[in-house]
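Okay, structure first, notes after.
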Amino acid sequence: MEYVSLADTGLRVSRIGLGTWQFSDAWGVKNYDTAKKLIEKAVEMGINLFDTAMVYGNGLSEEFLGRALHEIGVKREEIVIATKIPGDYLNPWDIFRSVRRSLKRLQTNYIDILQLHWPPCWHNFPTCKYMRGLERLVKLGLVNHIGVSNYPVRLIDEVRGCLSTIDIVSMQYRYNIIERQAEEELIPYAEENDLIFLAWSPLAKGAVTGKYSLENISSFNDLRRTDPVFHPENFRKISPVISKLVELAEKYGKTPAQIALNWIIMYSDNVIPIPGAKKPEHVVQNAESVGWRMNIHDWLELEKLTRNINILYSVYY
Ligand SMILES: NC(=O)c1ccc[n+]([C@@H]2O[C@H](COP(=O)([O-])OP(=O)(O)OC[C@H]3O[C@@H](n4cnc5c(N)ncnc54)[C@H](OP(=O)(O)O)[C@@H]3O)[C@@H](O)[C@H]2O)c1
């Protein structure tokens, strides 16, 4: 496993993480033993970065993660737990209450990275007021670092301007080979400011794994039933990319998913994909998508093929 060290933070994270939104109704992994096997496999493969959130499965994801890490007996200081607080809780009262509950579910006395899941767009909580609350959590030792997720860059600047003794360490957004919007402002911002960029849905929710085609995308019984990427209007556009990923997978003796993840890490040293998985063999494959690099000519070919893909999100209504 490759690792990335973050200057001045003491953080050392694997070049790829494990996303755990899967432990929820949205994705359907609600059996603890299955979740434990996935986490166990991730630890075995050297993955030390685990992404979760208070809202995933209404706490189920944090609960499974905390319980499994505890039972596996991994040393606390060797893993990095990145959870998220939703925008709705970003007021001085909910911040403390929700973090206390989160710590209990995670069976730990500190969170490595507490990410702001999304801005408090419906509640209009003033930025500096909630950031002071979060800084207080760091001073109390309940949280080691703060990160943002789904925040536009101007609001990140505002967030950082409110902090007096610490800075944020990470940014998290959707980023995959067919949804590359983050390249415009977000990844450059992460690079300029020495922040890690956690890429969510790095496999486009499985769309680029080569398992799905126009023939079988209507059979989902999870959140993908209404995901725009799997709408035929969009899926048709990505079919040539899938064919290319399959072709390169054969060339390198890898899987299409591994090619898609390898492409992401080659885009920027700051980008760390956090794929979710439902099967231990997927965790192994995803872990093995780092530690090597495809030929730059193949990377460029994929770049050219995906540059102008325009996924439309207004497909259902
Ligand atoms: N900050 C945010 O707002 C936000 C939003 C979304 C996600 N996230 C985080 O990002 C993580 C990952 O995103 P995601 O779960 O939406 O999508 P993803 O990682 O792009 O796709 C995950 C799905 O792809 C399939 N898969 C995974 N590895 C595979 C492999 N090696 N080969 C074949 N299929 C494979 C599995 O589904 P099947 O086997 O059923 O196809 C899996 O459930 C989440 O778990 C969560 O932690 C954060």
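Going by the structure tokens order, chains are called A, B, ..., each with residues numbered from 1, while ligands are numbered from 1 in the order shown.
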* To do: Please extract the residues at most 8 Å from ligand 1, counting only C-alpha atoms and all ligand atoms, and provide them as a PyMOL selection string, using the chain letters and residue numbers of this document.
  => chain A and resi 18-22+27+50-53+84+117-118+149-150+172-174+176+199-207+209-211+255-258+273-279+281-286
* To do: Write out as a list in words all residues of segment 22-185 of chain A that backbone DSSP assigns to strand (DSSP E).
  => Leu49, Phe50, Asp51, Val80, Ile81, Ala82, Thr83, Lys84, Ile85, Ile111, Asp112, Ile113, Leu114, Gln115, Leu116, Val143, Asn144, His145, Ile146, Gly147, Val148, Ser149, Ile168, Val169, Ser170, Met171, Gln172, Tyr173 and Arg174 of chain A
For the selection just defined, write its residues with C-alpha atoms to a file, as an mmCIF file, in the first residue's frame.
data_model
loop_
_atom_site.group_PDB
_atom_site.id
_atom_site.type_symbol
_atom_site.label_atom_id
_atom_site.label_comp_id
_atom_site.auth_asym_id
_atom_site.auth_seq_id
_atom_site.Cartn_x
_atom_site.Cartn_y
_atom_site.Cartn_z
ATOM 1 C CA LEU A 49 -8.460 5.644 5.925
ATOM 2 C CA PHE A 50 -12.139 4.993 6.640
ATOM 3 C CA ASP A 51 -14.798 7.439 5.502
ATOM 4 C CA VAL A 80 -7.718 7.413 10.361
ATOM 5 C CA ILE A 81 -11.459 7.764 10.937
ATOM 6 C CA ALA A 82 -13.010 10.500 8.829
ATOM 7 C CA THR A 83 -16.650 11.047 9.689
ATOM 8 C CA LYS A 84 -18.997 13.875 8.727
ATOM 9 C CA ILE A 85 -21.379 16.199 10.495
ATOM 10 C CA ILE A 111 -12.280 11.567 15.576
ATOM 11 C CA ASP A 112 -9.286 11.982 13.270
ATOM 12 C CA ILE A 113 -11.035 14.138 10.674
ATOM 13 C CA LEU A 114 -14.453 15.689 11.257
ATOM 14 C CA GLN A 115 -15.762 16.810 7.877
ATOM 15 C CA LEU A 116 -18.560 19.316 7.332
ATOM 16 C CA VAL A 143 -11.469 15.914 17.121
ATOM 17 C CA ASN A 144 -7.956 16.056 15.658
ATOM 18 C CA HIS A 145 -8.625 17.745 12.310
ATOM 19 C CA ILE A 146 -11.414 19.476 10.383
ATOM 20 C CA GLY A 147 -12.291 18.910 6.714
ATOM 21 C CA VAL A 148 -14.987 20.137 4.332
ATOM 22 C CA SER A 149 -17.216 18.256 1.922
ATOM 23 C CA ILE A 168 -8.670 22.472 7.549
ATOM 24 C CA VAL A 169 -6.821 19.413 6.198
ATOM 25 C CA SER A 170 -9.176 17.921 3.617
ATOM 26 C CA MET A 171 -11.847 18.526 0.980
ATOM 27 C CA GLN A 172 -14.308 15.872 -0.231
ATOM 28 C CA TYR A 173 -16.345 15.935 -3.487
ATOM 29 C CA ARG A 174 -17.647 13.694 -6.226
#
* **Spatial neighbours of Glu158 of chain A, max dist 12 Å, only C-alpha atoms, sep filter under 3 positions, as number ranges by chain** => A: 119, 126-131, 148, 151-155, 161-163, 167-168
Take the selection from the previous step and output its residues with C-alpha atoms, as a JSON list (two decimals), in the first residue's frame.
[["chain", "number", "residue", "atom", "x", "y", "z"],
["A", 119, "PRO", "CA", -23.02, 23.66, 4.15],
["A", 126, "PRO", "CA", -23.40, 31.88, 10.50],
["A", 127, "THR", "CA", -20.10, 30.35, 9.35],
["A", 128, "CYS", "CA", -17.83, 31.75, 12.09],
["A", 129, "LYS", "CA", -20.25, 30.78, 14.81],
["A", 130, "TYR", "CA", -20.21, 27.09, 13.93],
["A", 131, "MET", "CA", -16.51, 27.09, 13.07],
["A", 148, "VAL", "CA", -14.99, 20.14, 4.33],
["A", 151, "TYR", "CA", -18.33, 23.26, 0.04],
["A", 152, "PRO", "CA", -17.69, 25.73, -2.80],
["A", 153, "VAL", "CA", -14.24, 27.35, -2.73],
["A", 154, "ARG", "CA", -15.46, 30.79, -1.63],
["A", 155, "LEU", "CA", -17.14, 29.25, 1.37],
["A", 161, "GLY", "CA", -10.86, 32.69, 7.77],
["A", 162, "CYS", "CA", -12.93, 31.86, 10.88],
["A", 163, "LEU", "CA", -10.30, 29.49, 12.31],
["A", 167, "ASP", "CA", -6.58, 25.02, 9.43],
["A", 168, "ILE", "CA", -8.67, 22.47, 7.55]]
* Residues of segment 1-121 of chain A in alpha helix (DSSP H) according to DSSP, as a count of residues only? -> 41
* Name the residues in contact with segment 224-236 of chain A at a cut-off of 10 Å, using only C-alpha atoms, excluding same-chain residues fewer than 6 positions from it; report them as number ranges by chain. => A: 26-27, 178-179, 204-207, 212-218, 242, 309-316
* Pro120 of chain A: which residues within 9 Å, counting only C-alpha atoms, same-chain residues fewer than 4 positions away excluded, as an MDAnalysis selection string? -> chainID A and resid 86:90 124:127
* Quick one: everything within 10 Å of Val241 of chain A, counting only C-alpha atoms, minus sequence neighbours fewer than 3 positions away in the same chain. Send it as a PyMOL selection string. => chain A and resi 177-178+208+210+237-238+244-247+260+302-303+305-306+309
File dump, residues just selected, C-alpha atoms, as a tab-separated table (two decimals), in the first residue's frame:
chain	number	residue	atom	x	y	z
A	177	ILE	CA	-13.46	9.48	-14.69
A	178	ILE	CA	-16.87	10.40	-16.13
A	208	VAL	CA	-17.29	2.29	-14.70
A	210	GLY	CA	-17.60	-2.93	-16.64
A	237	LYS	CA	-22.58	8.38	-23.54
A	238	ILE	CA	-20.27	6.48	-21.23
A	244	LYS	CA	-11.84	1.41	-23.29
A	245	LEU	CA	-11.53	0.56	-19.58
A	246	VAL	CA	-12.23	-3.10	-20.39
A	247	GLU	CA	-9.59	-3.02	-23.16
A	260	ALA	CA	-10.66	3.83	-13.42
A	302	LEU	CA	-8.74	8.06	-21.42
A	303	GLU	CA	-8.42	11.76	-20.64
A	305	LEU	CA	-12.22	10.20	-24.28
A	306	THR	CA	-13.78	11.48	-21.04
A	309	ILE	CA	-18.60	13.76	-21.38
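Distance-wise, atom CA of Ile264 of chain A and atom CA of Lys41 of chain A end up 22.3 Å apart.
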* **Atom pair atom CA of Gly10 of chain A / atom CA of Tyr56 of chain A: separation (Å)** => 27.6 Å
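Atom to atom, atom CA of Leu186 of chain A and atom CA of Asp269 of chain A stand 13.7 Å apart.
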* Test item: residues at most 8 Å from Leu106 of chain A, only C-alpha atoms, excluding those fewer than 4 positions along its chain, as number ranges by chain -> A: 62-67, 102
Output for the residues just chosen: N, CA and C atoms as a compact mmCIF listing (two decimals), in the first residue's frame:
# COMPACT_ATOMS: atom_id res chain seq x y z
N GLU A 62 -21.40 4.30 11.10
CA GLU A 62 -20.43 4.59 12.18
C GLU A 62 -20.42 3.45 13.20
N GLU A 63 -21.60 2.94 13.48
CA GLU A 63 -21.70 1.87 14.49
C GLU A 63 -20.95 0.61 14.03
N PHE A 64 -21.20 0.20 12.79
CA PHE A 64 -20.53 -0.98 12.24
C PHE A 64 -19.01 -0.76 12.19
N LEU A 65 -18.61 0.43 11.74
CA LEU A 65 -17.19 0.72 11.61
C LEU A 65 -16.50 0.66 12.98
N GLY A 66 -17.09 1.33 13.96
CA GLY A 66 -16.50 1.36 15.30
C GLY A 66 -16.41 -0.03 15.90
N ARG A 67 -17.49 -0.78 15.76
CA ARG A 67 -17.54 -2.13 16.34
C ARG A 67 -16.51 -3.04 15.68
N SER A 102 -21.60 10.42 18.02
CA SER A 102 -20.76 9.83 16.98
C SER A 102 -19.58 9.08 17.61
* Give the answer as one residue: which of A:Ala42, A:Ile265, A:Met54, A:Val271 has the shortest atom-to-atom distance to Arg100 of chain A, using only C-alpha atoms? => A:Met54
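The shortest atom-to-atom distance to Arg15 of chain A, with only C-alpha atoms taken into account, belongs to A:Glu288 out of A:Asp33, A:Glu301, A:Glu78, A:Glu288.
With only C-alpha atoms as the atoms that count, the residue of A:Pro280, A:Tyr175, A:Met294, A:Ser239 with the shortest distance to Thr34 of chain A is A:Pro280.
Between Val29 of chain A and the candidates A:Val55, A:Val43, A:Leu11, A:Asp222, the tightest atom-to-atom separation, counting only C-alpha atoms, involves A:Asp222.
Minimum atom-to-atom distance to Glu77 of chain A, evaluated using only C-alpha atoms, belongs to A:Val13 out of A:Val138, A:Ile95, A:Leu60, A:Val13.
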